[in-house]
file start_14.csv (CSV, C-alpha atoms)
chain,number,residue,atom,x,y,z
A,1,MET,CA,8.8,-7.0,-13.9
A,2,SER,CA,14.3,-8.5,-9.7
A,3,ALA,CA,16.0,-11.0,-7.9
A,4,PHE,CA,19.5,-10.2,-9.1
A,5,SER,CA,20.6,-8.6,-5.9
A,6,GLY,CA,22.8,-11.5,-4.9
A,7,PHE,CA,24.9,-10.9,-8.0
A,8,SER,CA,25.4,-7.1,-7.7
A,9,GLY,CA,27.1,-5.7,-4.7
A,10,SER,CA,28.1,-2.7,-6.7
A,11,ILE,CA,27.9,-1.6,-10.3
A,12,ARG,CA,29.8,0.7,-12.6
A,13,PHE,CA,28.3,2.4,-15.7
A,14,ARG,CA,30.0,3.9,-18.6
A,15,LYS,CA,28.1,6.4,-20.7
A,16,ARG,CA,28.7,6.6,-24.4
A,17,SER,CA,27.8,9.2,-27.0
A,18,THR,CA,24.3,8.9,-28.3
A,19,GLY,CA,25.1,9.8,-31.9
A,20,ARG,CA,25.5,6.2,-33.2
A,21,GLY,CA,23.0,4.2,-31.2
A,22,LEU,CA,20.8,3.3,-34.2
A,23,HIS,CA,23.5,2.7,-36.7
A,24,GLY,CA,25.9,0.0,-37.6
A,25,ARG,CA,25.8,-3.4,-39.1
A,26,ARG,CA,24.7,-5.1,-35.8
A,27,LEU,CA,21.6,-2.9,-35.6
A,28,PRO,CA,19.1,-5.5,-37.2
A,29,ARG,CA,20.3,-8.2,-34.8
A,30,ARG,CA,20.1,-5.8,-31.8
A,31,LEU,CA,16.6,-4.7,-32.7
A,32,THR,CA,15.5,-8.3,-33.2
A,33,GLN,CA,16.9,-9.3,-29.8
A,34,LEU,CA,15.3,-6.3,-28.1
A,35,TYR,CA,11.8,-6.9,-29.3
A,36,ALA,CA,11.9,-10.7,-29.2
A,37,GLY,CA,13.2,-10.5,-25.7
A,38,LEU,CA,10.6,-8.0,-24.5
A,39,ALA,CA,7.8,-10.0,-26.1
A,40,LEU,CA,9.1,-13.3,-24.6
A,41,TYR,CA,9.4,-11.5,-21.2
A,42,GLY,CA,5.7,-10.7,-21.3
A,43,ALA,CA,4.9,-14.2,-22.3
A,44,SER,CA,7.0,-15.6,-19.4
A,45,ALA,CA,5.2,-13.4,-17.0
A,46,ALA,CA,1.9,-14.8,-18.3
A,47,LEU,CA,3.1,-18.4,-17.8
A,48,LEU,CA,3.9,-17.6,-14.1
A,49,VAL,CA,0.4,-16.2,-13.7
A,50,ARG,CA,-1.2,-19.3,-15.2
A,51,GLY,CA,1.0,-21.5,-13.1
A,52,GLY,CA,-0.6,-20.0,-10.0
A,53,LEU,CA,2.3,-20.9,-7.7
A,54,GLY,CA,3.6,-17.4,-7.1
A,55,LEU,CA,4.9,-14.5,-9.2
A,56,GLU,CA,8.1,-12.6,-9.4
A,57,PRO,CA,8.2,-9.4,-7.3
A,58,TRP,CA,6.8,-6.8,-9.8
A,59,GLY,CA,4.3,-9.4,-11.0
A,60,VAL,CA,2.9,-9.6,-7.5
A,61,LEU,CA,2.4,-5.9,-7.5
A,62,HIS,CA,0.9,-5.9,-11.0
A,63,GLN,CA,-1.5,-8.7,-10.1
A,64,GLY,CA,-2.6,-7.0,-6.9
A,65,LEU,CA,-3.2,-3.7,-8.7
A,66,ALA,CA,-5.2,-5.6,-11.4
A,67,GLU,CA,-7.4,-7.1,-8.7
A,68,LEU,CA,-7.9,-3.7,-7.2
A,69,THR,CA,-8.7,-1.8,-10.4
A,70,GLY,CA,-10.2,-4.4,-12.7
A,71,LEU,CA,-7.6,-3.7,-15.4
A,72,THR,CA,-5.7,-6.4,-17.1
A,73,MET,CA,-2.2,-7.2,-15.8
A,74,GLY,CA,-0.7,-6.1,-19.0
A,75,VAL,CA,-2.3,-2.7,-18.8
A,76,VAL,CA,-1.3,-2.4,-15.2
A,77,SER,CA,2.3,-3.3,-16.1
A,78,ILE,CA,2.3,-0.5,-18.7
A,79,VAL,CA,0.9,2.1,-16.3
A,80,VAL,CA,3.4,1.1,-13.5
A,81,GLY,CA,6.3,1.1,-16.0
A,82,ALA,CA,5.3,4.6,-17.1
A,83,VAL,CA,5.0,5.9,-13.5
A,84,VAL,CA,8.4,4.4,-12.7
A,85,LEU,CA,9.9,6.0,-15.8
A,86,LEU,CA,8.6,9.4,-14.5
A,87,LEU,CA,10.6,8.8,-11.3
A,88,TRP,CA,13.8,8.8,-13.5
A,89,ILE,CA,13.4,12.5,-13.9
A,90,PRO,CA,14.5,13.6,-10.4
A,91,ILE,CA,17.3,11.0,-10.3
A,92,ARG,CA,18.5,12.1,-13.7
A,93,GLN,CA,18.4,8.8,-15.5
A,94,ARG,CA,18.3,8.8,-19.3
A,95,PRO,CA,16.0,6.3,-21.1
A,96,GLY,CA,17.0,4.5,-24.2
A,97,LEU,CA,14.9,2.9,-27.0
A,98,GLY,CA,14.8,-0.3,-24.9
A,99,THR,CA,13.5,1.6,-21.9
A,100,VAL,CA,10.5,3.1,-23.7
A,101,SER,CA,9.8,-0.1,-25.7
A,102,ASN,CA,9.9,-2.1,-22.4
A,103,VAL,CA,7.0,-0.2,-21.0
A,104,PHE,CA,4.6,-1.1,-23.8
A,105,VAL,CA,5.8,-4.3,-25.4
A,106,VAL,CA,6.0,-6.4,-22.2
A,107,GLY,CA,2.5,-5.4,-21.1
A,108,LEU,CA,1.0,-6.0,-24.6
A,109,ALA,CA,2.7,-9.4,-24.9
A,110,MET,CA,1.6,-10.4,-21.4
A,111,ASP,CA,-2.1,-9.8,-22.1
A,112,ALA,CA,-1.8,-11.6,-25.4
A,113,ALA,CA,-0.2,-14.6,-23.8
A,114,LEU,CA,-2.8,-14.6,-20.9
A,115,ALA,CA,-5.5,-14.7,-23.5
A,116,ALA,CA,-3.9,-17.6,-25.2
A,117,VAL,CA,-2.8,-19.8,-22.3
A,118,PRO,CA,-5.5,-21.3,-20.0
A,119,GLU,CA,-5.1,-21.4,-16.3
A,120,GLY,CA,-3.3,-24.5,-15.0
A,121,HIS,CA,-5.1,-26.9,-12.8
A,122,GLY,CA,-3.2,-29.4,-10.7
A,123,LEU,CA,0.5,-29.6,-9.9
A,124,LEU,CA,1.2,-31.7,-13.0
A,125,ILE,CA,0.3,-28.6,-15.1
A,126,ARG,CA,1.2,-25.8,-12.7
A,127,ILE,CA,4.8,-26.9,-12.1
A,128,PRO,CA,5.8,-27.2,-15.8
A,129,LEU,CA,4.2,-23.7,-16.3
A,130,LEU,CA,6.2,-22.3,-13.4
A,131,ILE,CA,9.5,-23.9,-14.8
A,132,ALA,CA,8.8,-22.7,-18.3
A,133,GLY,CA,8.0,-19.2,-17.1
A,134,ILE,CA,11.2,-18.9,-15.1
A,135,VAL,CA,13.4,-20.3,-17.8
A,136,LEU,CA,11.8,-18.2,-20.5
A,137,ASN,CA,12.1,-15.2,-18.3
A,138,GLY,CA,15.8,-15.8,-18.0
A,139,LEU,CA,16.2,-16.3,-21.8
A,140,ALA,CA,14.1,-13.1,-22.5
A,141,THR,CA,16.2,-11.1,-20.0
A,142,GLY,CA,19.4,-12.2,-21.8
A,143,LEU,CA,18.0,-11.3,-25.2
A,144,TYR,CA,16.9,-7.8,-24.5
A,145,ILE,CA,19.6,-6.7,-22.1
A,146,ALA,CA,22.4,-8.0,-24.5
A,147,ALA,CA,20.8,-5.9,-27.2
A,148,ARG,CA,22.2,-2.8,-25.3
A,149,PHE,CA,19.3,-0.4,-25.9
A,150,GLY,CA,19.1,0.7,-22.2
A,151,PRO,CA,17.7,-0.8,-19.0
A,152,GLY,CA,14.1,-1.3,-18.3
A,153,PRO,CA,12.3,1.4,-16.2
A,154,ARG,CA,12.5,-0.6,-13.0
A,155,ASP,CA,16.2,-1.3,-13.4
A,156,GLY,CA,16.9,2.3,-14.1
A,157,LEU,CA,15.1,3.2,-10.9
A,158,MET,CA,17.4,0.8,-9.1
A,159,THR,CA,20.6,2.0,-10.6
A,160,GLY,CA,19.6,5.7,-10.3
A,161,LEU,CA,18.9,5.3,-6.6
A,162,HIS,CA,22.2,3.4,-6.2
A,163,ARG,CA,24.1,6.3,-7.7
A,164,LEU,CA,22.1,8.9,-5.8
A,165,THR,CA,22.3,7.3,-2.3
A,166,GLY,CA,25.7,5.6,-2.6
A,167,ARG,CA,24.1,2.4,-1.3
A,168,SER,CA,24.9,-0.9,-2.8
A,169,VAL,CA,22.9,-2.3,-5.7
A,170,ARG,CA,22.1,-5.3,-3.6
A,171,LEU,CA,20.6,-3.2,-0.8
A,172,VAL,CA,18.7,-0.8,-3.1
A,173,ARG,CA,17.2,-3.6,-5.2
A,174,THR,CA,16.3,-5.7,-2.1
A,175,ALA,CA,14.6,-2.6,-0.5
A,176,ILE,CA,12.6,-1.9,-3.7
A,177,GLU,CA,11.5,-5.5,-4.1
A,178,VAL,CA,10.5,-6.0,-0.5
A,179,ALA,CA,8.3,-3.0,-0.8
A,180,VAL,CA,6.9,-4.1,-4.1
A,181,VAL,CA,6.1,-7.6,-2.9
A,182,ALA,CA,4.6,-6.4,0.4
A,183,THR,CA,2.4,-3.9,-1.4
A,184,GLY,CA,1.3,-6.4,-4.1
A,185,PHE,CA,0.6,-9.1,-1.5
A,186,ALA,CA,-1.5,-6.7,0.5
A,187,LEU,CA,-3.5,-6.0,-2.6
A,188,GLY,CA,-4.1,-9.6,-3.4
A,189,GLY,CA,-1.1,-10.5,-5.5
A,190,SER,CA,0.2,-14.1,-5.5
A,191,VAL,CA,3.2,-15.0,-3.4
A,192,GLY,CA,4.3,-18.6,-3.2
A,193,ILE,CA,6.9,-21.2,-3.9
A,194,GLY,CA,7.2,-19.8,-7.4
A,195,THR,CA,8.3,-16.5,-6.0
A,196,ILE,CA,11.1,-18.2,-4.1
A,197,ALA,CA,12.0,-20.4,-7.0
A,198,TYR,CA,12.2,-17.3,-9.2
A,199,ALA,CA,14.4,-15.4,-6.7
A,200,LEU,CA,16.9,-18.3,-6.5
A,201,THR,CA,17.2,-19.2,-10.2
A,202,ILE,CA,16.6,-16.1,-12.3
A,203,GLY,CA,20.0,-14.5,-11.6
A,204,PRO,CA,22.1,-17.5,-12.8
A,205,LEU,CA,19.7,-18.1,-15.8
A,206,ALA,CA,19.9,-14.4,-16.9
A,207,GLN,CA,23.7,-14.5,-16.5
A,208,LEU,CA,23.9,-17.6,-18.7
A,209,PHE,CA,21.7,-16.2,-21.4
A,210,LEU,CA,23.4,-12.8,-21.3
A,211,ARG,CA,26.6,-14.7,-22.4
A,212,VAL,CA,24.7,-16.7,-25.0
A,213,PHE,CA,23.2,-13.6,-26.7
A,214,ALA,CA,26.0,-11.2,-26.1
A,215,ILE,CA,26.7,-8.8,-29.0
A,216,PRO,CA,30.1,-7.2,-29.0
A,217,PRO,CA,29.8,-3.4,-28.8
A,218,ALA,CA,30.9,-1.5,-31.8
A,219,ALA,CA,33.4,1.4,-31.2
A,220,GLY,CA,31.6,4.5,-30.2
A,221,SER,CA,28.3,2.8,-29.6
A,222,SER,CA,25.7,4.8,-27.8
A,223,THR,CA,23.9,3.1,-24.9
A,224,ALA,CA,24.8,3.3,-21.2
A,225,VAL,CA,25.4,-0.2,-20.2
A,226,ALA,CA,26.9,-2.1,-17.3
A,227,ALA,CA,30.6,-2.3,-17.5
A,228,GLY,CA,32.4,-5.6,-17.2
A,229,THR,CA,31.0,-9.0,-17.4
A,230,PRO,CA,27.3,-10.0,-16.9
A,231,ALA,CA,28.3,-11.3,-13.5
A,232,GLY,CA,29.2,-7.8,-12.5
A,233,ALA,CA,25.7,-6.4,-13.0
A,234,ILE,CA,22.5,-8.0,-14.2
A,235,LEU,CA,19.7,-5.6,-15.0
A,236,ARG,CA,16.1,-6.6,-15.3
A,237,ARG,CA,12.8,-4.9,-16.3
call {"tool": "encode", "arguments": {"input": "start_14.csv", "output": "C-alpha coordinates"}}
result
Amino acid sequence: MSAFSGFSGSIRFRKRSTGRGLHGRRLPRRLTQLYAGLALYGASAALLVRGGLGLEPWGVLHQGLAELTGLTMGVVSIVVGAVVLLLWIPIRQRPGLGTVSNVFVVGLAMDAALAAVPEGHGLLIRIPLLIAGIVLNGLATGLYIAARFGPGPRDGLMTGLHRLTGRSVRLVRTAIEVAVVATGFALGGSVGIGTIAYALTIGPLAQLFLRVFAIPPAAGSSTAVAAGTPAGAILRR
(Lines of atoms letter the chains of each structure in order from A and count residues from 1; the text may use other names and numbers.)
(Lines give C-alpha, C1' and ligand atoms only; values in the text may rest on other atoms or scores of the structure.)
Protein backbone atom coordinates (compact mmCIF):
# COMPACT_ATOMS: atom_id res chain seq x y z
CA MET A 1 0.00 0.00 0.00
CA SER A 2 4.57 4.65 -2.58
CA ALA A 3 6.00 7.82 -2.30
CA PHE A 4 9.63 6.91 -2.65
CA SER A 5 10.01 8.19 -6.16
CA GLY A 6 12.09 11.14 -5.05
CA PHE A 7 14.73 8.75 -3.78
CA SER A 8 15.00 6.44 -6.76
CA GLY A 9 16.08 7.80 -10.08
CA SER A 10 17.34 4.41 -11.10
CA ILE A 11 17.78 1.03 -9.44
CA ARG A 12 20.01 -1.98 -9.78
CA PHE A 13 19.05 -5.49 -8.71
CA ARG A 14 21.23 -8.46 -8.13
CA LYS A 15 19.75 -11.93 -8.22
CA ARG A 16 21.03 -14.63 -5.96
CA SER A 17 20.55 -18.35 -5.99
CA THR A 18 17.35 -19.53 -4.31
CA GLY A 19 18.79 -22.57 -2.62
CA ARG A 20 19.57 -21.03 0.76
CA GLY A 21 16.81 -18.49 1.24
CA LEU A 22 15.24 -20.21 4.26
CA HIS A 23 18.42 -21.34 5.96
CA GLY A 24 21.05 -19.76 8.11
CA ARG A 25 21.42 -18.49 11.63
CA ARG A 26 19.74 -15.17 10.81
CA LEU A 27 16.54 -16.84 9.64
CA PRO A 28 14.57 -16.48 12.92
CA ARG A 29 15.32 -12.76 13.06
CA ARG A 30 14.49 -12.29 9.40
CA LEU A 31 11.16 -14.10 9.71
CA THR A 32 10.30 -12.13 12.84
CA GLN A 33 11.08 -8.86 11.08
CA LEU A 34 9.11 -9.88 8.01
CA TYR A 35 5.87 -10.73 9.78
CA ALA A 36 6.14 -8.03 12.44
CA GLY A 37 6.73 -5.50 9.69
CA LEU A 38 3.81 -6.66 7.57
CA ALA A 39 1.44 -6.72 10.56
CA LEU A 40 2.53 -3.24 11.64
CA TYR A 41 2.14 -2.02 8.07
CA GLY A 42 -1.48 -3.11 8.11
CA ALA A 43 -1.97 -1.44 11.50
CA SER A 44 -0.39 1.79 10.22
CA ALA A 45 -2.77 1.82 7.25
CA ALA A 46 -5.69 1.48 9.67
CA LEU A 47 -4.45 4.45 11.72
CA LEU A 48 -4.37 6.58 8.58
CA VAL A 49 -7.94 5.56 7.83
CA ARG A 50 -9.10 6.38 11.35
CA GLY A 51 -7.28 9.72 11.21
CA GLY A 52 -9.50 10.72 8.29
CA LEU A 53 -7.07 13.29 6.90
CA GLY A 54 -6.07 11.47 3.72
CA LEU A 55 -4.51 8.14 2.88
CA GLU A 56 -1.38 6.99 1.12
CA PRO A 57 -1.77 6.29 -2.63
CA TRP A 58 -2.76 2.62 -2.60
CA GLY A 59 -4.88 3.21 0.48
CA VAL A 60 -6.93 5.73 -1.51
CA LEU A 61 -7.63 3.04 -4.10
CA HIS A 62 -8.42 0.41 -1.47
CA GLN A 63 -10.85 2.73 0.30
CA GLY A 64 -12.53 3.68 -2.95
CA LEU A 65 -12.97 0.03 -3.94
CA ALA A 66 -14.25 -0.79 -0.46
CA GLU A 67 -16.87 1.94 -0.81
CA LEU A 68 -17.86 0.56 -4.21
CA THR A 69 -18.01 -3.13 -3.29
CA GLY A 70 -18.97 -3.12 0.37
CA LEU A 71 -15.94 -5.25 1.23
CA THR A 72 -13.61 -4.34 4.06
CA MET A 73 -10.45 -2.43 3.19
CA GLY A 74 -8.34 -5.37 4.32
CA VAL A 75 -10.11 -7.76 1.97
CA VAL A 76 -9.83 -5.24 -0.87
CA SER A 77 -6.11 -4.91 -0.14
CA ILE A 78 -5.72 -8.69 -0.41
CA VAL A 79 -7.65 -8.85 -3.68
CA VAL A 80 -5.73 -5.94 -5.21
CA GLY A 81 -2.42 -7.44 -4.06
CA ALA A 82 -3.31 -10.76 -5.68
CA VAL A 83 -4.30 -9.06 -8.94
CA VAL A 84 -1.08 -7.03 -8.97
CA LEU A 85 0.87 -10.22 -8.32
CA LEU A 86 -0.70 -11.78 -11.42
CA LEU A 87 0.68 -8.85 -13.40
CA TRP A 88 4.16 -10.06 -12.46
CA ILE A 89 3.78 -12.98 -14.86
CA PRO A 90 4.09 -11.08 -18.17
CA ILE A 91 6.89 -8.86 -16.80
CA ARG A 92 8.76 -11.92 -15.47
CA GLN A 93 9.08 -10.94 -11.84
CA ARG A 94 9.74 -13.69 -9.30
CA PRO A 95 7.89 -13.52 -5.97
CA GLY A 96 9.53 -14.39 -2.68
CA LEU A 97 8.11 -15.46 0.66
CA GLY A 98 7.73 -11.82 1.62
CA THR A 99 5.80 -11.10 -1.58
CA VAL A 100 3.14 -13.72 -0.97
CA SER A 101 2.99 -13.02 2.77
CA ASN A 102 2.54 -9.33 2.01
CA VAL A 103 -0.68 -9.98 0.11
CA PHE A 104 -2.41 -11.63 3.06
CA VAL A 105 -0.82 -10.40 6.29
CA VAL A 106 -1.18 -6.67 5.59
CA GLY A 107 -4.88 -6.98 4.74
CA LEU A 108 -5.69 -9.15 7.73
CA ALA A 109 -3.79 -6.88 10.09
CA MET A 110 -5.50 -3.81 8.63
CA ASP A 111 -8.98 -5.19 9.26
CA ALA A 112 -8.02 -6.27 12.78
CA ALA A 113 -6.69 -2.79 13.58
CA LEU A 114 -9.73 -1.10 12.02
CA ALA A 115 -11.95 -3.17 14.29
CA ALA A 116 -9.90 -2.20 17.35
CA VAL A 117 -9.30 1.52 16.72
CA PRO A 118 -12.31 3.87 16.70
CA GLU A 119 -12.65 6.68 14.21
CA GLY A 120 -11.01 9.92 15.28
CA HIS A 121 -13.17 13.00 15.86
CA GLY A 122 -11.59 16.42 15.96
CA LEU A 123 -8.10 17.49 14.97
CA LEU A 124 -6.71 16.83 18.46
CA ILE A 125 -7.28 13.12 17.80
CA ARG A 126 -6.95 12.98 14.02
CA ILE A 127 -3.55 14.65 13.78
CA PRO A 128 -1.89 12.25 16.29
CA LEU A 129 -3.48 9.32 14.43
CA LEU A 130 -2.05 10.64 11.17
CA ILE A 131 1.43 11.13 12.63
CA ALA A 132 1.38 7.73 14.33
CA GLY A 133 0.24 6.07 11.11
CA ILE A 134 2.99 7.63 9.01
CA VAL A 135 5.78 6.93 11.51
CA LEU A 136 4.57 3.36 12.09
CA ASN A 137 4.38 2.86 8.33
CA GLY A 138 8.00 3.92 7.95
CA LEU A 139 9.06 1.62 10.78
CA ALA A 140 7.10 -1.28 9.32
CA THR A 141 8.61 -0.69 5.90
CA GLY A 142 12.11 -0.79 7.33
CA LEU A 143 11.35 -4.00 9.22
CA TYR A 144 9.97 -6.08 6.40
CA ILE A 145 12.18 -4.86 3.57
CA ALA A 146 15.33 -5.28 5.65
CA ALA A 147 14.31 -8.92 6.19
CA ARG A 148 15.15 -9.48 2.49
CA PHE A 149 12.36 -11.90 1.56
CA GLY A 150 11.42 -10.11 -1.64
CA PRO A 151 9.47 -6.94 -2.47
CA GLY A 152 5.75 -6.48 -2.06
CA PRO A 153 3.49 -7.02 -5.08
CA ARG A 154 3.18 -3.31 -5.85
CA ASP A 155 6.93 -2.74 -5.63
CA GLY A 156 7.60 -5.67 -7.88
CA LEU A 157 5.22 -4.22 -10.44
CA MET A 158 7.17 -0.96 -10.31
CA THR A 159 10.60 -2.56 -10.65
CA GLY A 160 9.39 -4.94 -13.37
CA LEU A 161 7.99 -2.08 -15.45
CA HIS A 162 11.20 -0.13 -14.82
CA ARG A 163 13.24 -3.00 -16.24
CA LEU A 164 10.83 -3.69 -19.09
CA THR A 165 10.44 -0.09 -20.30
CA GLY A 166 13.84 1.31 -19.42
CA ARG A 167 12.15 4.29 -17.76
CA SER A 168 13.40 5.56 -14.42
CA VAL A 169 11.98 4.17 -11.20
CA ARG A 170 10.91 7.68 -10.32
CA LEU A 171 8.86 8.05 -13.50
CA VAL A 172 7.33 4.57 -13.33
CA ARG A 173 6.39 4.86 -9.67
CA THR A 174 4.96 8.34 -10.13
CA ALA A 175 2.86 7.22 -13.10
CA ILE A 176 1.51 4.21 -11.19
CA GLU A 177 0.68 6.24 -8.10
CA VAL A 178 -0.98 9.07 -9.98
CA ALA A 179 -3.21 6.52 -11.70
CA VAL A 180 -3.92 4.75 -8.40
CA VAL A 181 -4.78 7.95 -6.53
CA ALA A 182 -6.93 9.31 -9.35
CA THR A 183 -8.87 6.05 -9.62
CA GLY A 184 -9.29 5.73 -5.86
CA PHE A 185 -10.39 9.35 -5.49
CA ALA A 186 -12.96 8.95 -8.27
CA LEU A 187 -14.36 5.95 -6.38
CA GLY A 188 -14.61 7.86 -3.11
CA GLY A 189 -11.20 7.29 -1.53
CA SER A 190 -9.85 9.89 0.88
CA VAL A 191 -7.24 12.35 -0.40
CA GLY A 192 -6.13 15.18 1.86
CA ILE A 193 -3.33 16.75 3.84
CA GLY A 194 -2.42 13.31 5.12
CA THR A 195 -1.74 12.13 1.57
CA ILE A 196 0.69 15.00 1.06
CA ALA A 197 2.31 14.54 4.48
CA TYR A 198 2.80 10.85 3.72
CA ALA A 199 4.37 11.57 0.35
CA LEU A 200 6.85 14.04 1.84
CA THR A 201 7.91 12.05 4.90
CA ILE A 202 7.64 8.32 4.20
CA GLY A 203 10.81 8.13 2.09
CA PRO A 204 13.15 9.57 4.75
CA LEU A 205 11.40 7.56 7.48
CA ALA A 206 11.70 4.29 5.58
CA GLN A 207 15.33 5.02 4.76
CA LEU A 208 16.05 5.65 8.45
CA PHE A 209 14.38 2.45 9.62
CA LEU A 210 15.98 0.39 6.85
CA ARG A 211 19.32 1.33 8.40
CA VAL A 212 18.08 0.61 11.91
CA PHE A 213 16.79 -2.88 11.07
CA ALA A 214 19.37 -3.86 8.43
CA ILE A 215 20.47 -7.50 8.55
CA PRO A 216 23.82 -8.18 6.87
CA PRO A 217 23.27 -10.71 4.06
CA ALA A 218 24.91 -14.08 4.47
CA ALA A 219 27.14 -15.33 1.67
CA GLY A 220 25.02 -16.96 -1.01
CA SER A 221 21.72 -15.73 0.39
CA SER A 222 18.73 -16.09 -1.88
CA THR A 223 16.54 -13.10 -2.32
CA ALA A 224 16.64 -10.56 -5.11
CA VAL A 225 17.19 -7.29 -3.35
CA ALA A 226 18.17 -3.77 -4.18
CA ALA A 227 21.89 -3.36 -4.50
CA GLY A 228 23.70 -0.64 -2.62
CA THR A 229 22.48 1.43 0.26
CA PRO A 230 18.84 2.05 1.20
CA ALA A 231 19.19 5.51 -0.33
CA GLY A 232 19.77 3.85 -3.68
CA ALA A 233 16.38 2.18 -3.79
CA ILE A 234 13.51 2.08 -1.32
CA LEU A 235 10.83 -0.46 -2.03
CA ARG A 236 7.36 -0.47 -0.54
CA ARG A 237 4.32 -2.71 -0.53
call {"tool": "closest_atom_pairs", "arguments": {"input": "start_14.csv", "of": "region 72-154 of chain A", "to": "region 187-203 of chain A", "cutoff": "12 Å", "atoms": "only C-alpha atoms", "output": "Markdown table"}}
result
| residue | atom | partner | partner_atom | distance |
| --- | --- | --- | --- | --- |
| A:Met73 | CA | A:Gly189 | CA | 10.9 |
| A:Arg126 | CA | A:Gly194 | CA | 10.0 |
| A:Ile127 | CA | A:Gly194 | CA | 8.8 |
| A:Pro128 | CA | A:Gly194 | CA | 11.3 |
| A:Leu129 | CA | A:Gly194 | CA | 10.2 |
| A:Leu130 | CA | A:Gly194 | CA | 6.6 |
| A:Ile131 | CA | A:Gly194 | CA | 8.8 |
| A:Ala132 | CA | A:Tyr198 | CA | 11.1 |
| A:Gly133 | CA | A:Tyr198 | CA | 9.1 |
| A:Ile134 | CA | A:Tyr198 | CA | 6.2 |
| A:Val135 | CA | A:Ile202 | CA | 7.6 |
| A:Leu136 | CA | A:Ile202 | CA | 9.7 |
| A:Asn137 | CA | A:Ile202 | CA | 7.6 |
| A:Gly138 | CA | A:Ile202 | CA | 5.8 |
| A:Leu139 | CA | A:Ile202 | CA | 9.5 |
| A:Ala140 | CA | A:Ile202 | CA | 10.9 |
| A:Thr141 | CA | A:Ile202 | CA | 9.2 |
| A:Gly142 | CA | A:Gly203 | CA | 10.5 |
call {"tool": "residues_around", "arguments": {"input": "start_14.csv", "residues": "Thr99 (chain A)", "least_positions_apart": "2", "cutoff": "10 Å", "atoms": "only C-alpha atoms", "output": "MDAnalysis selection string"}}
result
chainID A and resid 81:82 85 94:97 101:104 149:156 237
call {"tool": "residues_near_point", "arguments": {"input": "start_14.csv", "point": "(19.2, 4.1, -11.0)", "cutoff": "10 Å", "atoms": "all atoms listed in the file", "output": "list in words"}}
result
Leu87, Trp88, Ile91, Arg92, Gln93, Arg94, Pro151, Pro153, Arg154, Asp155, Gly156, Leu157, Met158, Thr159, Gly160, Leu161, His162, Arg163, Leu164, Thr165, Val169, Val172 and Arg173 of chain A
call {"tool": "closest_residue", "arguments": {"input": "start_14.csv", "among": "A:Leu53, A:Ile176, A:Val84, A:Leu61", "to": "Glu119 (chain A)", "atoms": "all atoms listed in the file"}}
result
A:Leu53
call {"tool": "atom_distance", "arguments": {"input": "start_14.csv", "atom1": "CA of Ala146 (chain A)", "atom2": "CA of Ala214 (chain A)"}}
result
5.1 Å
call {"tool": "closest_residue", "arguments": {"input": "start_14.csv", "among": "A:Ala109, A:Gly51, A:Leu68, A:Ala116", "to": "Leu38 (chain A)", "atoms": "all atoms listed in the file"}}
result
A:Ala109
call {"tool": "closest_residue", "arguments": {"input": "start_14.csv", "among": "A:Val105, A:Val181, A:Gly52, A:Thr69", "to": "Gly122 (chain A)", "atoms": "only C-alpha atoms"}}
result
A:Gly52
call {"tool": "atom_distance", "arguments": {"input": "start_14.csv", "atom1": "CA of Val49 (chain A)", "atom2": "CA of His121 (chain A)"}}
result
12.1 Å
call {"tool": "closest_residue", "arguments": {"input": "start_14.csv", "among": "A:Ile215, A:Leu210, A:Val180, A:Ala45", "to": "Gly64 (chain A)", "atoms": "all atoms listed in the file"}}
result
A:Val180
call {"tool": "closest_residue", "arguments": {"input": "start_14.csv", "among": "A:His62, A:Arg170, A:Arg50, A:Arg211", "to": "Gly184 (chain A)", "atoms": "all atoms listed in the file"}}
result
A:His62
call {"tool": "atom_distance", "arguments": {"input": "start_14.csv", "atom1": "CA of Ser77 (chain A)", "atom2": "CA of Gly42 (chain A)"}}
result
9.7 Å
call {"tool": "closest_residue", "arguments": {"input": "start_14.csv", "among": "A:Phe213, A:Pro204, A:Thr183, A:Ala36", "to": "Leu65 (chain A)", "atoms": "all atoms listed in the file"}}
result
A:Thr183
